[in-house]
>>> print(open('structure_1.csv').read())   # CSV, C-alpha atoms (C1' of nucleotides)
chain,number,residue,atom,x,y,z
A,136,MET,CA,-67.3,69.1,5.1
A,137,ILE,CA,-66.6,68.3,1.5
A,138,GLY,CA,-69.6,66.0,1.8
A,139,ASP,CA,-72.1,68.5,0.5
A,140,ARG,CA,-72.7,71.1,-2.1
A,141,TRP,CA,-72.6,74.2,0.0
A,142,SER,CA,-70.1,74.1,2.8
A,143,LEU,CA,-67.0,74.8,0.8
A,144,LEU,CA,-68.8,77.6,-1.1
A,145,ILE,CA,-69.7,79.2,2.2
A,146,VAL,CA,-66.1,79.0,3.4
A,147,ARG,CA,-64.9,80.5,0.1
A,148,ASP,CA,-67.4,83.4,0.6
A,149,VAL,CA,-66.2,84.0,4.1
A,150,PHE,CA,-62.6,84.1,2.8
A,151,ASP,CA,-63.9,86.7,0.4
A,152,GLY,CA,-65.1,88.9,3.2
A,153,ILE,CA,-68.7,87.9,3.2
A,154,ARG,CA,-69.7,87.4,6.9
A,155,ARG,CA,-73.4,88.0,7.3
A,156,PHE,CA,-76.2,85.4,7.0
A,157,SER,CA,-78.2,87.5,4.5
A,158,GLU,CA,-75.2,88.3,2.4
A,159,LEU,CA,-74.3,84.6,2.2
A,160,GLN,CA,-77.8,83.8,1.2
A,161,ARG,CA,-78.0,86.4,-1.5
A,162,ASN,CA,-74.6,85.6,-2.8
A,163,LEU,CA,-75.0,81.8,-3.0
A,164,GLY,CA,-78.7,81.7,-3.7
A,165,LEU,CA,-79.4,78.8,-1.4
A,166,ALA,CA,-82.4,78.2,0.9
A,167,LYS,CA,-82.3,79.9,4.3
A,168,ASN,CA,-82.9,76.7,6.2
A,169,ILE,CA,-80.0,74.9,4.4
A,170,LEU,CA,-77.7,77.9,5.0
A,171,ALA,CA,-78.6,77.9,8.7
A,172,SER,CA,-78.0,74.2,8.9
A,173,ARG,CA,-74.6,74.4,7.1
A,174,LEU,CA,-73.5,77.3,9.3
A,175,ARG,CA,-74.4,75.4,12.4
A,176,GLU,CA,-72.4,72.4,11.2
A,177,LEU,CA,-69.4,74.6,10.3
A,178,VAL,CA,-69.4,76.2,13.7
A,179,ALA,CA,-69.8,72.8,15.3
A,180,GLN,CA,-66.7,71.6,13.4
A,181,GLY,CA,-64.7,74.5,14.5
A,182,ILE,CA,-64.2,75.9,11.0
A,183,LEU,CA,-66.4,79.0,11.6
A,184,GLU,CA,-67.3,80.9,14.7
A,185,MET,CA,-69.8,83.6,15.5
A,186,VAL,CA,-68.4,86.9,16.5
A,187,PRO,CA,-70.0,90.3,17.3
A,188,ALA,CA,-70.7,92.3,14.2
A,189,THR,CA,-67.9,94.7,13.3
A,190,ASP,CA,-70.3,97.5,12.5
A,191,GLY,CA,-71.5,97.9,16.0
A,192,SER,CA,-74.9,96.4,15.5
A,193,ALA,CA,-76.4,93.8,17.8
A,194,TYR,CA,-76.1,91.1,15.1
A,195,GLN,CA,-73.5,88.4,14.9
A,196,GLU,CA,-71.1,87.7,12.0
A,197,TYR,CA,-69.5,84.5,10.9
A,198,ALA,CA,-65.6,84.4,10.9
A,199,LEU,CA,-63.1,81.7,10.1
A,200,THR,CA,-61.2,80.1,13.0
A,201,ALA,CA,-57.6,79.1,12.7
A,202,LYS,CA,-58.7,75.7,11.5
A,203,GLY,CA,-60.9,77.3,8.9
A,204,ARG,CA,-58.1,79.6,7.7
A,205,GLU,CA,-56.0,76.5,7.1
A,206,LEU,CA,-58.5,75.7,4.3
A,207,PHE,CA,-56.9,78.5,2.3
A,208,ALA,CA,-54.9,76.2,0.0
A,209,VAL,CA,-58.0,74.1,-0.6
A,210,ILE,CA,-60.0,77.1,-1.7
A,211,VAL,CA,-57.2,78.5,-3.8
A,212,ALA,CA,-56.7,75.1,-5.5
A,213,LEU,CA,-60.4,74.7,-6.3
A,214,ARG,CA,-60.6,78.3,-7.4
A,215,LYS,CA,-57.7,78.0,-9.8
A,216,TRP,CA,-59.0,74.7,-11.2
A,217,GLY,CA,-62.4,76.3,-11.7
A,218,GLU,CA,-61.0,79.4,-13.4
A,219,ALA,CA,-59.1,77.2,-15.8
A,220,HIS,CA,-61.9,74.7,-16.7
A,221,LEU,CA,-65.3,76.0,-15.8
A,222,PHE,CA,-65.5,78.9,-18.2
A,223,GLU,CA,-65.8,79.2,-21.9
A,224,GLU,CA,-62.7,80.4,-23.8
A,225,ASP,CA,-63.7,84.1,-23.9
A,226,GLU,CA,-66.1,84.2,-21.0
A,227,PRO,CA,-65.3,86.8,-18.4
A,228,ARG,CA,-63.7,85.2,-15.4
A,229,SER,CA,-62.0,86.2,-12.2
A,230,ALA,CA,-58.6,85.4,-10.8
A,231,LEU,CA,-57.1,85.4,-7.3
A,232,VAL,CA,-54.3,87.9,-7.2
A,233,ASP,CA,-51.8,89.0,-4.6
A,234,ILE,CA,-52.4,92.3,-3.0
A,235,GLU,CA,-48.9,93.7,-3.7
A,236,ASN,CA,-48.4,93.1,-7.4
A,237,GLU,CA,-52.0,92.3,-8.4
A,238,LEU,CA,-50.6,89.3,-10.3
A,239,PRO,CA,-52.3,85.8,-10.1
A,240,VAL,CA,-51.2,83.8,-7.1
A,241,ARG,CA,-49.4,80.5,-7.6
A,242,LEU,CA,-50.0,77.2,-6.0
A,243,GLN,CA,-47.4,74.5,-6.0
A,244,VAL,CA,-47.0,71.0,-4.7
A,245,THR,CA,-43.3,70.5,-4.0
A,246,ASP,CA,-41.1,67.8,-2.3
A,247,ALA,CA,-39.3,68.6,0.9
A,248,THR,CA,-36.5,70.3,-1.0
A,249,GLY,CA,-38.9,72.7,-2.7
A,250,ARG,CA,-38.8,71.0,-6.1
A,251,PRO,CA,-42.2,70.9,-7.8
A,252,ILE,CA,-43.7,67.5,-8.2
A,253,SER,CA,-46.5,65.9,-10.2
A,254,SER,CA,-49.0,63.3,-9.1
A,255,GLY,CA,-46.8,60.4,-10.3
A,256,GLU,CA,-44.1,61.5,-7.9
A,257,ALA,CA,-45.9,61.1,-4.7
A,258,PHE,CA,-47.7,58.3,-2.8
A,259,VAL,CA,-49.5,57.8,0.4
A,260,ARG,CA,-47.5,56.4,3.3
A,261,LYS,CA,-48.7,55.3,6.7
A,262,VAL,CA,-47.1,57.2,9.5
A,263,SER,CA,-47.6,57.0,13.2
B,151,MET,CA,-68.0,68.2,-9.1
B,152,ILE,CA,-67.5,69.4,-5.6
B,153,GLY,CA,-71.3,69.3,-5.4
B,154,ASP,CA,-71.5,65.9,-3.9
B,155,ARG,CA,-70.1,63.6,-1.3
B,156,TRP,CA,-68.4,61.1,-3.6
B,157,SER,CA,-66.9,62.6,-6.7
B,158,LEU,CA,-63.7,64.0,-5.1
B,159,LEU,CA,-63.2,60.8,-3.2
B,160,ILE,CA,-63.4,58.8,-6.4
B,161,VAL,CA,-60.9,61.2,-8.0
B,162,ARG,CA,-58.6,60.8,-5.0
B,163,ASP,CA,-58.8,57.0,-5.2
B,164,VAL,CA,-57.9,57.1,-8.9
B,165,PHE,CA,-54.9,59.3,-8.1
B,166,ASP,CA,-54.0,56.5,-5.7
B,167,GLY,CA,-54.0,54.0,-8.4
B,168,ILE,CA,-57.5,52.5,-7.9
B,169,ARG,CA,-59.0,52.1,-11.4
B,170,ARG,CA,-61.6,49.4,-11.4
B,171,PHE,CA,-65.3,49.7,-10.6
B,172,SER,CA,-65.3,47.0,-8.0
B,173,GLU,CA,-62.1,48.3,-6.3
B,174,LEU,CA,-63.6,51.7,-6.0
B,175,GLN,CA,-66.8,50.3,-4.6
B,176,ARG,CA,-65.0,48.2,-2.0
B,177,ASN,CA,-62.7,51.0,-1.1
B,178,LEU,CA,-65.3,53.7,-0.7
B,179,GLY,CA,-68.2,51.6,0.5
B,180,LEU,CA,-70.8,53.4,-1.6
B,181,ALA,CA,-73.8,51.9,-3.4
B,182,LYS,CA,-73.1,50.5,-6.9
B,183,ASN,CA,-75.8,52.6,-8.5
B,184,ILE,CA,-74.3,55.8,-7.0
B,185,LEU,CA,-70.8,54.9,-8.1
B,186,ALA,CA,-72.0,54.2,-11.6
B,187,SER,CA,-73.8,57.5,-11.7
B,188,ARG,CA,-70.8,59.5,-10.4
B,189,LEU,CA,-68.4,57.8,-12.8
B,190,ARG,CA,-70.7,58.6,-15.7
B,191,GLU,CA,-70.7,62.2,-14.6
B,192,LEU,CA,-67.0,62.4,-14.2
B,193,VAL,CA,-66.4,60.9,-17.6
B,194,ALA,CA,-69.0,63.4,-19.1
B,195,GLN,CA,-67.1,66.3,-17.5
B,196,GLY,CA,-63.9,65.1,-19.0
B,197,ILE,CA,-62.2,64.4,-15.7
B,198,LEU,CA,-62.0,60.6,-16.1
B,199,GLU,CA,-62.0,58.5,-19.2
B,200,MET,CA,-62.5,54.8,-19.8
B,201,VAL,CA,-59.5,53.0,-21.1
B,202,PRO,CA,-58.8,49.3,-21.9
B,203,ALA,CA,-57.6,47.4,-18.8
B,204,THR,CA,-53.9,47.3,-18.4
B,205,ASP,CA,-54.0,43.6,-17.4
B,206,GLY,CA,-55.1,42.4,-20.9
B,207,SER,CA,-58.6,41.5,-19.8
B,208,ALA,CA,-61.7,42.6,-21.8
B,209,TYR,CA,-62.7,45.0,-19.0
B,210,GLN,CA,-62.3,48.7,-19.0
B,211,GLU,CA,-60.6,50.9,-16.4
B,212,TYR,CA,-61.1,54.5,-15.3
B,213,ALA,CA,-58.2,56.9,-15.8
B,214,LEU,CA,-57.6,60.6,-15.1
B,215,THR,CA,-57.6,62.9,-18.1
B,216,ALA,CA,-55.3,65.9,-18.3
B,217,LYS,CA,-58.1,68.0,-16.8
B,218,GLY,CA,-58.5,65.4,-14.1
B,219,ARG,CA,-54.8,65.4,-13.3
B,220,GLU,CA,-55.0,69.1,-12.8
B,221,LEU,CA,-57.0,68.4,-9.7
B,222,PHE,CA,-53.8,67.2,-8.1
B,223,ALA,CA,-53.3,70.3,-6.0
B,224,VAL,CA,-56.9,70.2,-4.8
B,225,ILE,CA,-56.6,66.6,-3.7
B,226,VAL,CA,-53.2,67.3,-2.0
B,227,ALA,CA,-54.7,70.4,-0.2
B,228,LEU,CA,-57.7,68.4,1.0
B,229,ARG,CA,-55.6,65.5,2.1
B,230,LYS,CA,-53.2,67.6,4.0
B,231,TRP,CA,-56.0,69.5,5.8
B,232,GLY,CA,-57.6,66.2,6.6
B,233,GLU,CA,-54.4,64.7,7.9
B,234,ALA,CA,-54.0,67.8,10.2
B,235,HIS,CA,-57.5,68.0,11.5
B,236,LEU,CA,-59.5,64.9,11.0
B,237,PHE,CA,-57.6,62.6,13.3
B,238,GLU,CA,-57.1,62.3,17.1
B,239,GLU,CA,-53.7,63.3,18.4
B,240,ASP,CA,-52.3,59.8,18.6
B,241,GLU,CA,-54.5,58.1,16.0
B,242,PRO,CA,-52.6,56.4,13.1
B,243,ARG,CA,-52.7,58.6,10.0
B,244,SER,CA,-51.1,58.7,6.6
B,245,ALA,CA,-49.2,61.3,4.8
B,246,LEU,CA,-48.5,62.0,1.1
B,247,VAL,CA,-44.8,61.7,0.6
B,248,ASP,CA,-42.6,62.3,-2.4
B,249,ILE,CA,-41.1,59.2,-4.1
B,250,GLU,CA,-37.5,60.3,-3.9
B,251,ASN,CA,-37.0,61.2,-0.2
B,252,GLU,CA,-40.2,59.7,1.2
B,253,LEU,CA,-40.7,63.0,3.1
B,254,PRO,CA,-44.1,64.8,3.3
B,255,VAL,CA,-44.9,66.9,0.2
B,256,ARG,CA,-45.4,70.6,0.7
B,257,LEU,CA,-48.1,72.8,-0.7
B,258,GLN,CA,-47.7,76.5,-0.9
B,259,VAL,CA,-49.7,79.5,-2.1
B,260,THR,CA,-47.2,82.1,-3.3
B,261,ASP,CA,-47.3,85.4,-5.1
B,262,ALA,CA,-45.9,85.8,-8.6
B,263,THR,CA,-42.4,86.2,-7.1
B,264,GLY,CA,-42.6,83.0,-5.2
B,265,ARG,CA,-43.1,84.5,-1.8
B,266,PRO,CA,-45.6,82.5,0.4
B,267,ILE,CA,-48.8,84.4,1.1
B,268,SER,CA,-51.7,84.0,3.5
B,269,SER,CA,-55.4,84.6,2.8
B,270,GLY,CA,-55.3,88.2,3.8
B,271,GLU,CA,-52.8,89.0,1.1
B,272,ALA,CA,-54.9,88.0,-1.8
B,273,PHE,CA,-58.2,89.0,-3.3
B,274,VAL,CA,-60.4,88.2,-6.3
B,275,ARG,CA,-60.1,90.4,-9.3
B,276,LYS,CA,-62.1,90.4,-12.5
B,277,VAL,CA,-60.1,89.7,-15.5
B,278,SER,CA,-61.1,89.4,-19.2
C,5,DG,C1',-67.2,23.0,-23.8
C,6,DT,C1',-69.5,23.6,-19.3
C,7,DC,C1',-70.1,25.5,-14.9
C,8,DC,C1',-69.6,28.9,-11.7
C,9,DA,C1',-67.7,33.0,-9.6
C,10,DG,C1',-66.6,37.8,-10.4
C,11,DC,C1',-67.2,42.1,-12.9
C,12,DG,C1',-69.8,46.1,-14.2
C,13,DG,C1',-73.5,47.6,-14.2
C,14,DT,C1',-79.3,48.7,-14.0
C,15,DT,C1',-83.9,48.6,-11.7
C,16,DT,C1',-86.9,49.0,-7.9
C,17,DC,C1',-88.3,50.9,-3.8
C,18,DA,C1',-87.8,53.0,0.9
C,19,DT,C1',-85.3,56.6,3.4
C,20,DT,C1',-82.9,60.9,3.7
C,21,DT,C1',-81.7,65.3,2.1
C,22,DT,C1',-82.8,69.4,-0.2
C,23,DG,C1',-85.3,73.4,-1.4
C,24,DA,C1',-89.3,76.8,-1.7
C,25,DA,C1',-92.4,79.2,0.9
C,26,DA,C1',-94.6,80.9,4.8
C,27,DC,C1',-94.0,82.3,9.2
C,28,DC,C1',-91.9,84.6,13.4
C,29,DA,C1',-89.2,87.3,16.9
C,30,DT,C1',-85.7,90.7,17.2
C,31,DT,C1',-83.2,94.7,15.5
C,32,DC,C1',-82.5,98.9,12.9
C,33,DA,C1',-83.7,103.2,10.5
C,34,DT,C1',-87.0,107.0,10.3
D,47,DA,C1',-94.2,104.2,16.7
D,48,DT,C1',-93.8,102.0,12.5
D,49,DG,C1',-92.1,99.5,8.8
D,50,DA,C1',-88.5,97.1,6.8
D,51,DA,C1',-84.5,94.1,7.2
D,52,DT,C1',-82.1,90.4,9.8
D,53,DG,C1',-81.6,85.8,11.2
D,54,DG,C1',-83.6,82.4,11.6
D,55,DT,C1',-87.6,77.9,12.1
D,56,DT,C1',-91.4,75.2,10.4
D,57,DT,C1',-93.9,72.7,7.0
D,58,DC,C1',-94.3,70.2,3.0
D,59,DA,C1',-93.2,68.5,-1.7
D,60,DA,C1',-89.5,67.1,-4.8
D,61,DA,C1',-85.1,65.2,-5.6
D,62,DA,C1',-81.1,62.5,-4.3
D,63,DT,C1',-79.3,58.6,-1.9
D,64,DG,C1',-78.7,53.9,-0.6
D,65,DA,C1',-79.7,48.8,-0.1
D,66,DA,C1',-81.0,45.0,-2.4
D,67,DA,C1',-82.2,42.2,-6.1
D,68,DC,C1',-81.4,41.3,-10.7
D,69,DC,C1',-78.8,40.7,-15.2
D,70,DG,C1',-75.7,40.0,-19.1
D,71,DC,C1',-70.8,39.3,-20.0
D,72,DT,C1',-66.0,37.6,-18.8
D,73,DG,C1',-62.6,34.6,-16.9
D,74,DG,C1',-60.9,30.6,-14.9
D,75,DA,C1',-61.2,25.7,-13.5
D,76,DC,C1',-62.2,21.5,-14.9
>>> encode(input="structure_1.csv", output="C-alpha cells")
Amino acid sequence: MIGDRWSLLIVRDVFDGIRRFSELQRNLGLAKNILASRLRELVAQGILEMVPATDGSAYQEYALTAKGRELFAVIVALRKWGEAHLFEEDEPRSALVDIENELPVRLQVTDATGRPISSGEAFVRKVS
Amino acid sequence: MIGDRWSLLIVRDVFDGIRRFSELQRNLGLAKNILASRLRELVAQGILEMVPATDGSAYQEYALTAKGRELFAVIVALRKWGEAHLFEEDEPRSALVDIENELPVRLQVTDATGRPISSGEAFVRKVS
DNA sequence: GTCCAGCGGTTTCATTTTGAAACCATTCAT
DNA sequence: ATGAATGGTTTCAAAATGAAACCGCTGGAC
C-alpha cells in the first residue's frame, strides 16, 4: 500500500473524483501496465472497487470502499505537508478547503480530551 | 519521499526513538545499502539530519528536523489506519497513546471552525 | 597497547520491479 | 459501417532492490 510510488497517488486522485482508467493514466502519467497492476492490487486489498460507470456507458469505474475512504486523513496529512514543503516560496500551489467556507481544512492530532499534542507527547503501547 | 517502500518507515522509527543505523537496520530488516541510500536522501531532503550521538560516543545519530517533525500527522494517520485494517480481529496490535492519560490519540480533519468533516465536504482549490 | 567485536557504511552482482511501446478486443460516436 | 477512444495485456530494456562480502574506524576487555 504505502510500499510503492503510485498507490497512494491513485487513491488521492480517486478522492478528487477521478474514477476512470484513462483519466488516472493521463493525470498521473504512469505506464498503463503499472496502473492496471496497482488498481488490481487496490481492489484486492478492498480499498477500491469496480462499479458500473455513472454516465450510463458500459465501462466500469473505480470507487473507494469504506476502508478506502478511511484513508482520508492520510491523504489530507500528506497533501498538507506537500503543500507546505514541496513548493517554492512563490510557486502557485493548491490547498484543500472545506466546501462551506472555502477555507483550508485543519488536521489535528489530539489526546483523548481534545487537546492538541506533538510527537513528544505520544508513544506506542501494546494493546490486546 | 512517499515514492518508496522504506522512507516513511524509517521516519516512523525515528519518531519512535530509533536513531542509530544498526538499530534501524535490525528493526526494519532492510539491506544496509538501501538503508544508507534512503538515509542519504532523507538528509538531502532536509527531513533528517545527522547529529552527534547522545551517549558520548564518536558515532552520529539521525534526528528529525523541523520539516521532518511536521510529518507527525502523516505518521499518525498511517499508523491509525494500519492499526484498524492491517490486523486480524484478535491479533495483538499496538496503539499510539498520549503520555498523560495513556489513551489512544485522536486525529481529526476539521473545517476552519473546528467542525469535523469527511472527504465529501472538501475539495482542492488553486491558491496563489 | 593489542586484539577483537560492533558500527556504519560501500561494492559487486543477481533478481525483481518498473516503464515504454506495441498490440488487442470491446465500446462509443458519427 | 467505420474510426477513434477505452481498458487493458504482452514484450523487452532499463532501473531499483536485495543479499553478501568487504572495509576502515571505534569501543571495550585485557
>>> closest_residue(input="structure_1.csv", among="A:Asn236, A:Gln160, A:Ser142, A:Asn168", to="DG23 in chain C", atoms="only C-alpha atoms (C1' of nucleotides)")
A:Asn168
>>> interface_residues(input="structure_1.csv", of="chain C", to="chain B", cutoff="8 Å", atoms="all atoms listed in the file", output="CSV table (one decimal) with C-alpha atoms (C1' of nucleotides), in the frame of the given file")
chain,number,residue,atom,x,y,z
C,11,DC,C1',-67.2,42.1,-12.9
C,12,DG,C1',-69.8,46.1,-14.2
C,13,DG,C1',-73.5,47.6,-14.2
C,14,DT,C1',-79.3,48.7,-14.0
>>> calpha_fit_rmsd(input="structure_1.csv", fixed="chain B", moving="chain A")
0.1 Å
>>> closest_residue(input="structure_1.csv", among="A:Arg140, A:Arg154, A:Arg260, A:Lys202", to="Val186 in chain A", atoms="only C-alpha atoms")
A:Arg154
>>> atom_distance(input="structure_1.csv", atom1="CA of Ile152 in chain B", atom2="CA of Leu206 in chain A")
14.8 Å
